[in-house]
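Below is one structure, written out as C-alpha cells; comments come after it.
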Amino acid sequence: MPISSTPLFISAAHKSSGKTTITIGLLSALKSKGLNVQPFKKGPDYIDPLWHGSAAGTPCYTLDFNTMSHNEILQLVARKVSHCDISLIEGNKGLYDGLDLDGSNSNAAIAKLLDAPVILVLDARGMTRGIAPLILGYQSFDPGIHIAGVILNQLGGSRHESKLRSVIEHYTDVSVLGAVHKDKRLEIVERHLGLMPSNEDGEAQKKITDIGSIISSQVDLDKIIDISCLHSPQHLKSHLKTIPNTQAVTTQIRLAYINDSAFGFYYPGDLEALEQAGAELIEVNSLHDQQLPENIDGLFIGGGFPEERLEKLQANQSFRQSVHDAIENGLPTYAECGGLMYLCRSIICKQQQNEMVGIIPADEKWKKHRKGEA
C-alpha cells in the first residue's frame, strides 16, 4: 500500500505544555472523521502510548534513539504509515530538548530524520506579544526543522485568543491551527510517573471522546490534514522499498503474558517481534483468571502499577498459586518493574502488607508518599 501522507510531529516549547492531551484529542477527533490514524511516541514511554492507542483504536509505536537505529525508526514508520490515512508523532519534553549538546537525541532530531512537519503546542498562559519571539526563535534555531503551525493552549478566553492571533499574524508567517481554552474537562489524573495509565481508568474511553470533541471544536482539523497530505512523504517511500519481506513463521512456543489494569506496560513492537519469531501470545488477566493457561512454554509479566490493585491481586490466591507452582516447576519467566514486584512475597503499601506470588524471597515496600498522595 503506498504512503499517501507524511507523519506530523506534535511538539512543544517545554514539557507540561499539554501536548499529550492535545495529541489524544487530535487522534480521537481525526478518528471520528472516519480516518485511519496511526500514533507514535518518542520514547521510552509506556503510559502516553496506552492513551494514544486507545484514542486511535490502533497500537501506538515508540520511537527511541536509545534502542533503535535510524534505519529501524525509518522502516518502522514507513511500514506503519503505509496502512493509514494520517499519522501523528508525539514528542517528549520540548522540541529541542535532549541529553546531547548537539541535539542528536532530541525531538527535533526525530522530526528531521523523518522529514516530518512540526506542530508546536504552546502553553500561552500569561503571554501576549512575547509569543512572537518565542515562535521566531524556534523557527530560526534550526532551519532544517519545518514548523508548520502552532496550537495555542491554556488560553484565558476569547479576548486572550484574539490578541495572540493578531500578534502571531503580524510578526510571523506561522499558521495558528487551533486555540484551546482552559477547561477542566481536558485534565487527566497524574501520578508519579506521569498520567494515570488508560488501562487503569474505567472511564478512559469516555474521557478520550470528550477531549476529542473539545479539540475538534477548537482546532482546525482540515488544516492539519492538509499539512499532512501536502508535505511529500518521498523520504519515507524510499525506506518502504528497503523493508525485507517477512516470511510466515510456524508457531514454536505458546507464551502467556499478563495484560490487565495492574500490568500493561508492553511495547507493541516487542509483542509483534515475538510473534514474528514464532510465539503464540496468550493474554492473561491476573485479577480475574483463576490460573495460568495449560500447556504454555513461558510467561512474560510486564510493568505497571500493581500497588494500585493490591487487594484484588491478593484476593486472587488461586492465580498467584498457579504462577508460583509453574515457576517452581521450571516455567521460563521474564518479569520487569511491577512484574518483579508481583513475584515477591509481598508488597507493603500504606502500612498494609499484601501477599503476592512469593517466588522471590523479598518484600517490596513503599517508603515515601508518591505524587498526589497526602
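All residue names refer to the C-alpha cells as shown: chains lettered A, B, ... in order, residues numbered from 1 in each chain, ligands numbered from 1 in order.
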Q: Please provide the set of residues having any atom within 7 Å of Leu95 of chain A, restricted to only C-alpha atoms, with same-chain residues fewer than 4 positions apart removed, written as an MDAnalysis selection string.
A: chainID A and resid 11:13 106:108
Q.
as a ChimeraX atom specification, please: every residue in segment 86-267 of chain A that DSSP puts in helix (DSSP H, G or I).
A. /A:107-114,131-141,158-171,184-186,204-218,221-230,234-240
Residues of the last selection are to be written out with C-alpha atoms, as a CSV table (one decimal), in the first residue's frame.
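Just written: again-v1.csv:
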chain,number,residue,atom,x,y,z
A,107,ASN,CA,12.7,15.6,19.4
A,108,ALA,CA,13.9,17.8,16.5
A,109,ALA,CA,16.3,15.0,15.5
A,110,ILE,CA,13.4,12.6,15.1
A,111,ALA,CA,11.4,15.2,13.1
A,112,LYS,CA,14.4,15.9,10.9
A,113,LEU,CA,15.1,12.2,10.4
A,114,LEU,CA,11.5,11.6,9.2
A,131,ILE,CA,4.8,34.7,21.9
A,132,ALA,CA,6.2,36.2,18.7
A,133,PRO,CA,9.9,36.0,19.6
A,134,LEU,CA,9.3,32.5,21.0
A,135,ILE,CA,8.0,31.3,17.7
A,136,LEU,CA,10.6,33.2,15.7
A,137,GLY,CA,13.4,31.7,17.9
A,138,TYR,CA,12.1,28.2,17.4
A,139,GLN,CA,12.0,28.7,13.6
A,140,SER,CA,15.5,30.2,13.3
A,141,PHE,CA,17.3,27.9,15.8
A,158,SER,CA,-11.7,34.8,23.5
A,159,ARG,CA,-10.0,38.1,24.2
A,160,HIS,CA,-6.7,36.4,25.0
A,161,GLU,CA,-7.1,34.3,21.9
A,162,SER,CA,-7.7,37.4,19.7
A,163,LYS,CA,-4.6,39.2,21.0
A,164,LEU,CA,-2.4,36.2,20.4
A,165,ARG,CA,-3.7,35.6,16.9
A,166,SER,CA,-3.1,39.2,16.0
A,167,VAL,CA,0.5,39.1,17.3
A,168,ILE,CA,1.3,35.9,15.5
A,169,GLU,CA,-0.2,37.1,12.2
A,170,HIS,CA,1.7,40.4,12.4
A,171,TYR,CA,5.1,39.2,13.4
A,184,LYS,CA,-11.3,21.2,33.5
A,185,ARG,CA,-12.6,18.5,31.1
A,186,LEU,CA,-9.2,18.3,29.4
A,204,ALA,CA,-10.8,6.3,29.8
A,205,GLN,CA,-12.8,5.9,26.6
A,206,LYS,CA,-15.4,8.5,27.7
A,207,LYS,CA,-12.6,10.8,28.7
A,208,ILE,CA,-11.0,10.4,25.3
A,209,THR,CA,-14.2,11.0,23.5
A,210,ASP,CA,-14.8,14.2,25.5
A,211,ILE,CA,-11.3,15.5,24.9
A,212,GLY,CA,-11.7,14.7,21.2
A,213,SER,CA,-14.9,16.7,21.0
A,214,ILE,CA,-13.4,19.7,22.7
A,215,ILE,CA,-10.3,19.6,20.4
A,216,SER,CA,-12.4,19.2,17.3
A,217,SER,CA,-14.3,22.4,18.1
A,218,GLN,CA,-11.1,24.5,18.8
A,221,LEU,CA,-8.6,19.6,11.7
A,222,ASP,CA,-8.9,20.2,7.9
A,223,LYS,CA,-5.7,22.4,8.0
A,224,ILE,CA,-3.9,19.6,9.9
A,225,ILE,CA,-5.0,17.0,7.3
A,226,ASP,CA,-3.9,19.4,4.5
A,227,ILE,CA,-0.4,19.8,6.1
A,228,SER,CA,0.0,16.0,6.2
A,229,CYS,CA,-1.2,15.5,2.7
A,230,LEU,CA,0.7,18.4,1.0
A,234,GLN,CA,9.0,10.8,-0.5
A,235,HIS,CA,11.6,10.4,2.2
A,236,LEU,CA,9.6,7.5,3.8
A,237,LYS,CA,8.7,5.9,0.4
A,238,SER,CA,12.3,5.2,-0.3
A,239,HIS,CA,12.7,3.3,3.0
A,240,LEU,CA,9.5,1.4,2.4
Q: Can you pull out every residue within 8 Å of segment 4-8 of chain A, counting only C-alpha atoms, but drop anything in the same chain fewer than 6 positions away, and send it as a ChimeraX atom specification?
A: /A:81-82,85-89,114,116-119,228-233,236
Write the residues of the selection above to a file with N, CA and C atoms, as a PDB file, in the first residue's frame.
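Saved file selection_23.pdb follows:
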ATOM      1  N   VAL A  81       2.838   3.763   8.478  1.00  0.00           N
ATOM      2  CA  VAL A  81       2.064   4.822   7.835  1.00  0.00           C
ATOM      3  C   VAL A  81       1.552   4.399   6.463  1.00  0.00           C
ATOM      4  N   SER A  82       2.076   3.308   5.921  1.00  0.00           N
ATOM      5  CA  SER A  82       1.583   2.824   4.629  1.00  0.00           C
ATOM      6  C   SER A  82       0.189   2.217   4.747  1.00  0.00           C
ATOM      7  N   ASP A  85      -4.365   6.717   7.035  1.00  0.00           N
ATOM      8  CA  ASP A  85      -4.676   7.957   6.315  1.00  0.00           C
ATOM      9  C   ASP A  85      -3.845   9.128   6.828  1.00  0.00           C
ATOM     10  N   ILE A  86      -3.558   9.117   8.132  1.00  0.00           N
ATOM     11  CA  ILE A  86      -2.790  10.201   8.737  1.00  0.00           C
ATOM     12  C   ILE A  86      -2.099   9.652   9.978  1.00  0.00           C
ATOM     13  N   SER A  87      -0.926  10.169  10.295  1.00  0.00           N
ATOM     14  CA  SER A  87      -0.185   9.685  11.464  1.00  0.00           C
ATOM     15  C   SER A  87       0.355  10.862  12.257  1.00  0.00           C
ATOM     16  N   LEU A  88       0.374  10.698  13.580  1.00  0.00           N
ATOM     17  CA  LEU A  88       0.870  11.717  14.488  1.00  0.00           C
ATOM     18  C   LEU A  88       1.957  11.125  15.371  1.00  0.00           C
ATOM     19  N   ILE A  89       3.026  11.889  15.573  1.00  0.00           N
ATOM     20  CA  ILE A  89       4.091  11.507  16.492  1.00  0.00           C
ATOM     21  C   ILE A  89       4.107  12.525  17.619  1.00  0.00           C
ATOM     22  N   LEU A 114      12.735  12.016   9.964  1.00  0.00           N
ATOM     23  CA  LEU A 114      11.539  11.585   9.245  1.00  0.00           C
ATOM     24  C   LEU A 114      11.023  12.642   8.273  1.00  0.00           C
ATOM     25  N   ALA A 116       9.460  15.277   9.034  1.00  0.00           N
ATOM     26  CA  ALA A 116       8.081  15.467   9.485  1.00  0.00           C
ATOM     27  C   ALA A 116       7.823  16.924   9.848  1.00  0.00           C
ATOM     28  N   PRO A 117       6.761  17.529   9.317  1.00  0.00           N
ATOM     29  CA  PRO A 117       6.393  18.888   9.728  1.00  0.00           C
ATOM     30  C   PRO A 117       6.059  18.914  11.215  1.00  0.00           C
ATOM     31  N   VAL A 118       6.441  19.993  11.886  1.00  0.00           N
ATOM     32  CA  VAL A 118       6.238  20.102  13.333  1.00  0.00           C
ATOM     33  C   VAL A 118       5.062  21.026  13.629  1.00  0.00           C
ATOM     34  N   ILE A 119       4.199  20.574  14.520  1.00  0.00           N
ATOM     35  CA  ILE A 119       3.138  21.424  15.063  1.00  0.00           C
ATOM     36  C   ILE A 119       3.484  21.677  16.517  1.00  0.00           C
ATOM     37  N   SER A 228      -0.512  17.385   6.377  1.00  0.00           N
ATOM     38  CA  SER A 228      -0.029  16.013   6.249  1.00  0.00           C
ATOM     39  C   SER A 228      -0.021  15.555   4.795  1.00  0.00           C
ATOM     40  N   CYS A 229      -1.056  15.931   4.053  1.00  0.00           N
ATOM     41  CA  CYS A 229      -1.186  15.461   2.668  1.00  0.00           C
ATOM     42  C   CYS A 229      -0.305  16.247   1.695  1.00  0.00           C
ATOM     43  N   LEU A 230      -0.094  17.540   1.973  1.00  0.00           N
ATOM     44  CA  LEU A 230       0.656  18.378   1.042  1.00  0.00           C
ATOM     45  C   LEU A 230       2.163  18.210   1.177  1.00  0.00           C
ATOM     46  N   HIS A 231       2.613  17.770   2.341  1.00  0.00           N
ATOM     47  CA  HIS A 231       4.051  17.581   2.554  1.00  0.00           C
ATOM     48  C   HIS A 231       4.446  16.218   2.003  1.00  0.00           C
ATOM     49  N   SER A 232       5.302  16.179   1.013  1.00  0.00           N
ATOM     50  CA  SER A 232       5.642  14.940   0.315  1.00  0.00           C
ATOM     51  C   SER A 232       6.288  13.914   1.249  1.00  0.00           C
ATOM     52  N   PRO A 233       5.775  12.679   1.254  1.00  0.00           N
ATOM     53  CA  PRO A 233       6.372  11.617   2.066  1.00  0.00           C
ATOM     54  C   PRO A 233       7.437  10.827   1.304  1.00  0.00           C
ATOM     55  N   LEU A 236      10.035   8.785   3.190  1.00  0.00           N
ATOM     56  CA  LEU A 236       9.628   7.501   3.750  1.00  0.00           C
ATOM     57  C   LEU A 236       9.398   6.458   2.669  1.00  0.00           C
TER      58      LEU A 236
END
Q: Excluding His181 of chain A and any residue of its chain fewer than 3 positions from it, enumerate the residues within 7 Å of it, using only C-alpha atoms, and give them as a list in words.
A: Asn153, Gln154, Leu155, Gly156 and Gly157 of chain A
Q | Atomic separation - atom CA of Cys349 of chain A relative to atom CA of Trp51 of chain A, Å | A | 26.6 Å
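Proximity of A:Met356, A:Tyr266, A:Arg345, A:Asp142 to Ile47 of chain A, computed with only C-alpha atoms, is greatest for A:Tyr266.
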Q: Give me the residues within 10 Å of Pro332 of chain A as an MDAnalysis selection string, counting only C-alpha atoms and dropping any in the same chain fewer than 2 places off.
A: chainID A and resid 255 296:300 326:330 334
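Using only C-alpha atoms, the residues found no farther than 7 Å from Gly269 of chain A, other than those of its own chain fewer than 3 positions away, are A:Tyr61, A:Glu272, A:Ala273.
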For N, CA and C atoms, I'd like the residues from the last selection saved as a PDB file, in the first residue's frame.
ATOM      1  N   TYR A  61       3.234   3.126  18.519  1.00  0.00           N
ATOM      2  CA  TYR A  61       4.599   2.595  18.488  1.00  0.00           C
ATOM      3  C   TYR A  61       5.597   3.640  18.973  1.00  0.00           C
ATOM      4  N   GLU A 272       4.929  -7.838  18.676  1.00  0.00           N
ATOM      5  CA  GLU A 272       4.913  -8.244  17.269  1.00  0.00           C
ATOM      6  C   GLU A 272       6.181  -9.023  16.916  1.00  0.00           C
ATOM      7  N   ALA A 273       7.325  -8.585  17.464  1.00  0.00           N
ATOM      8  CA  ALA A 273       8.583  -9.281  17.194  1.00  0.00           C
ATOM      9  C   ALA A 273       8.554 -10.695  17.743  1.00  0.00           C
TER      10      ALA A 273
END
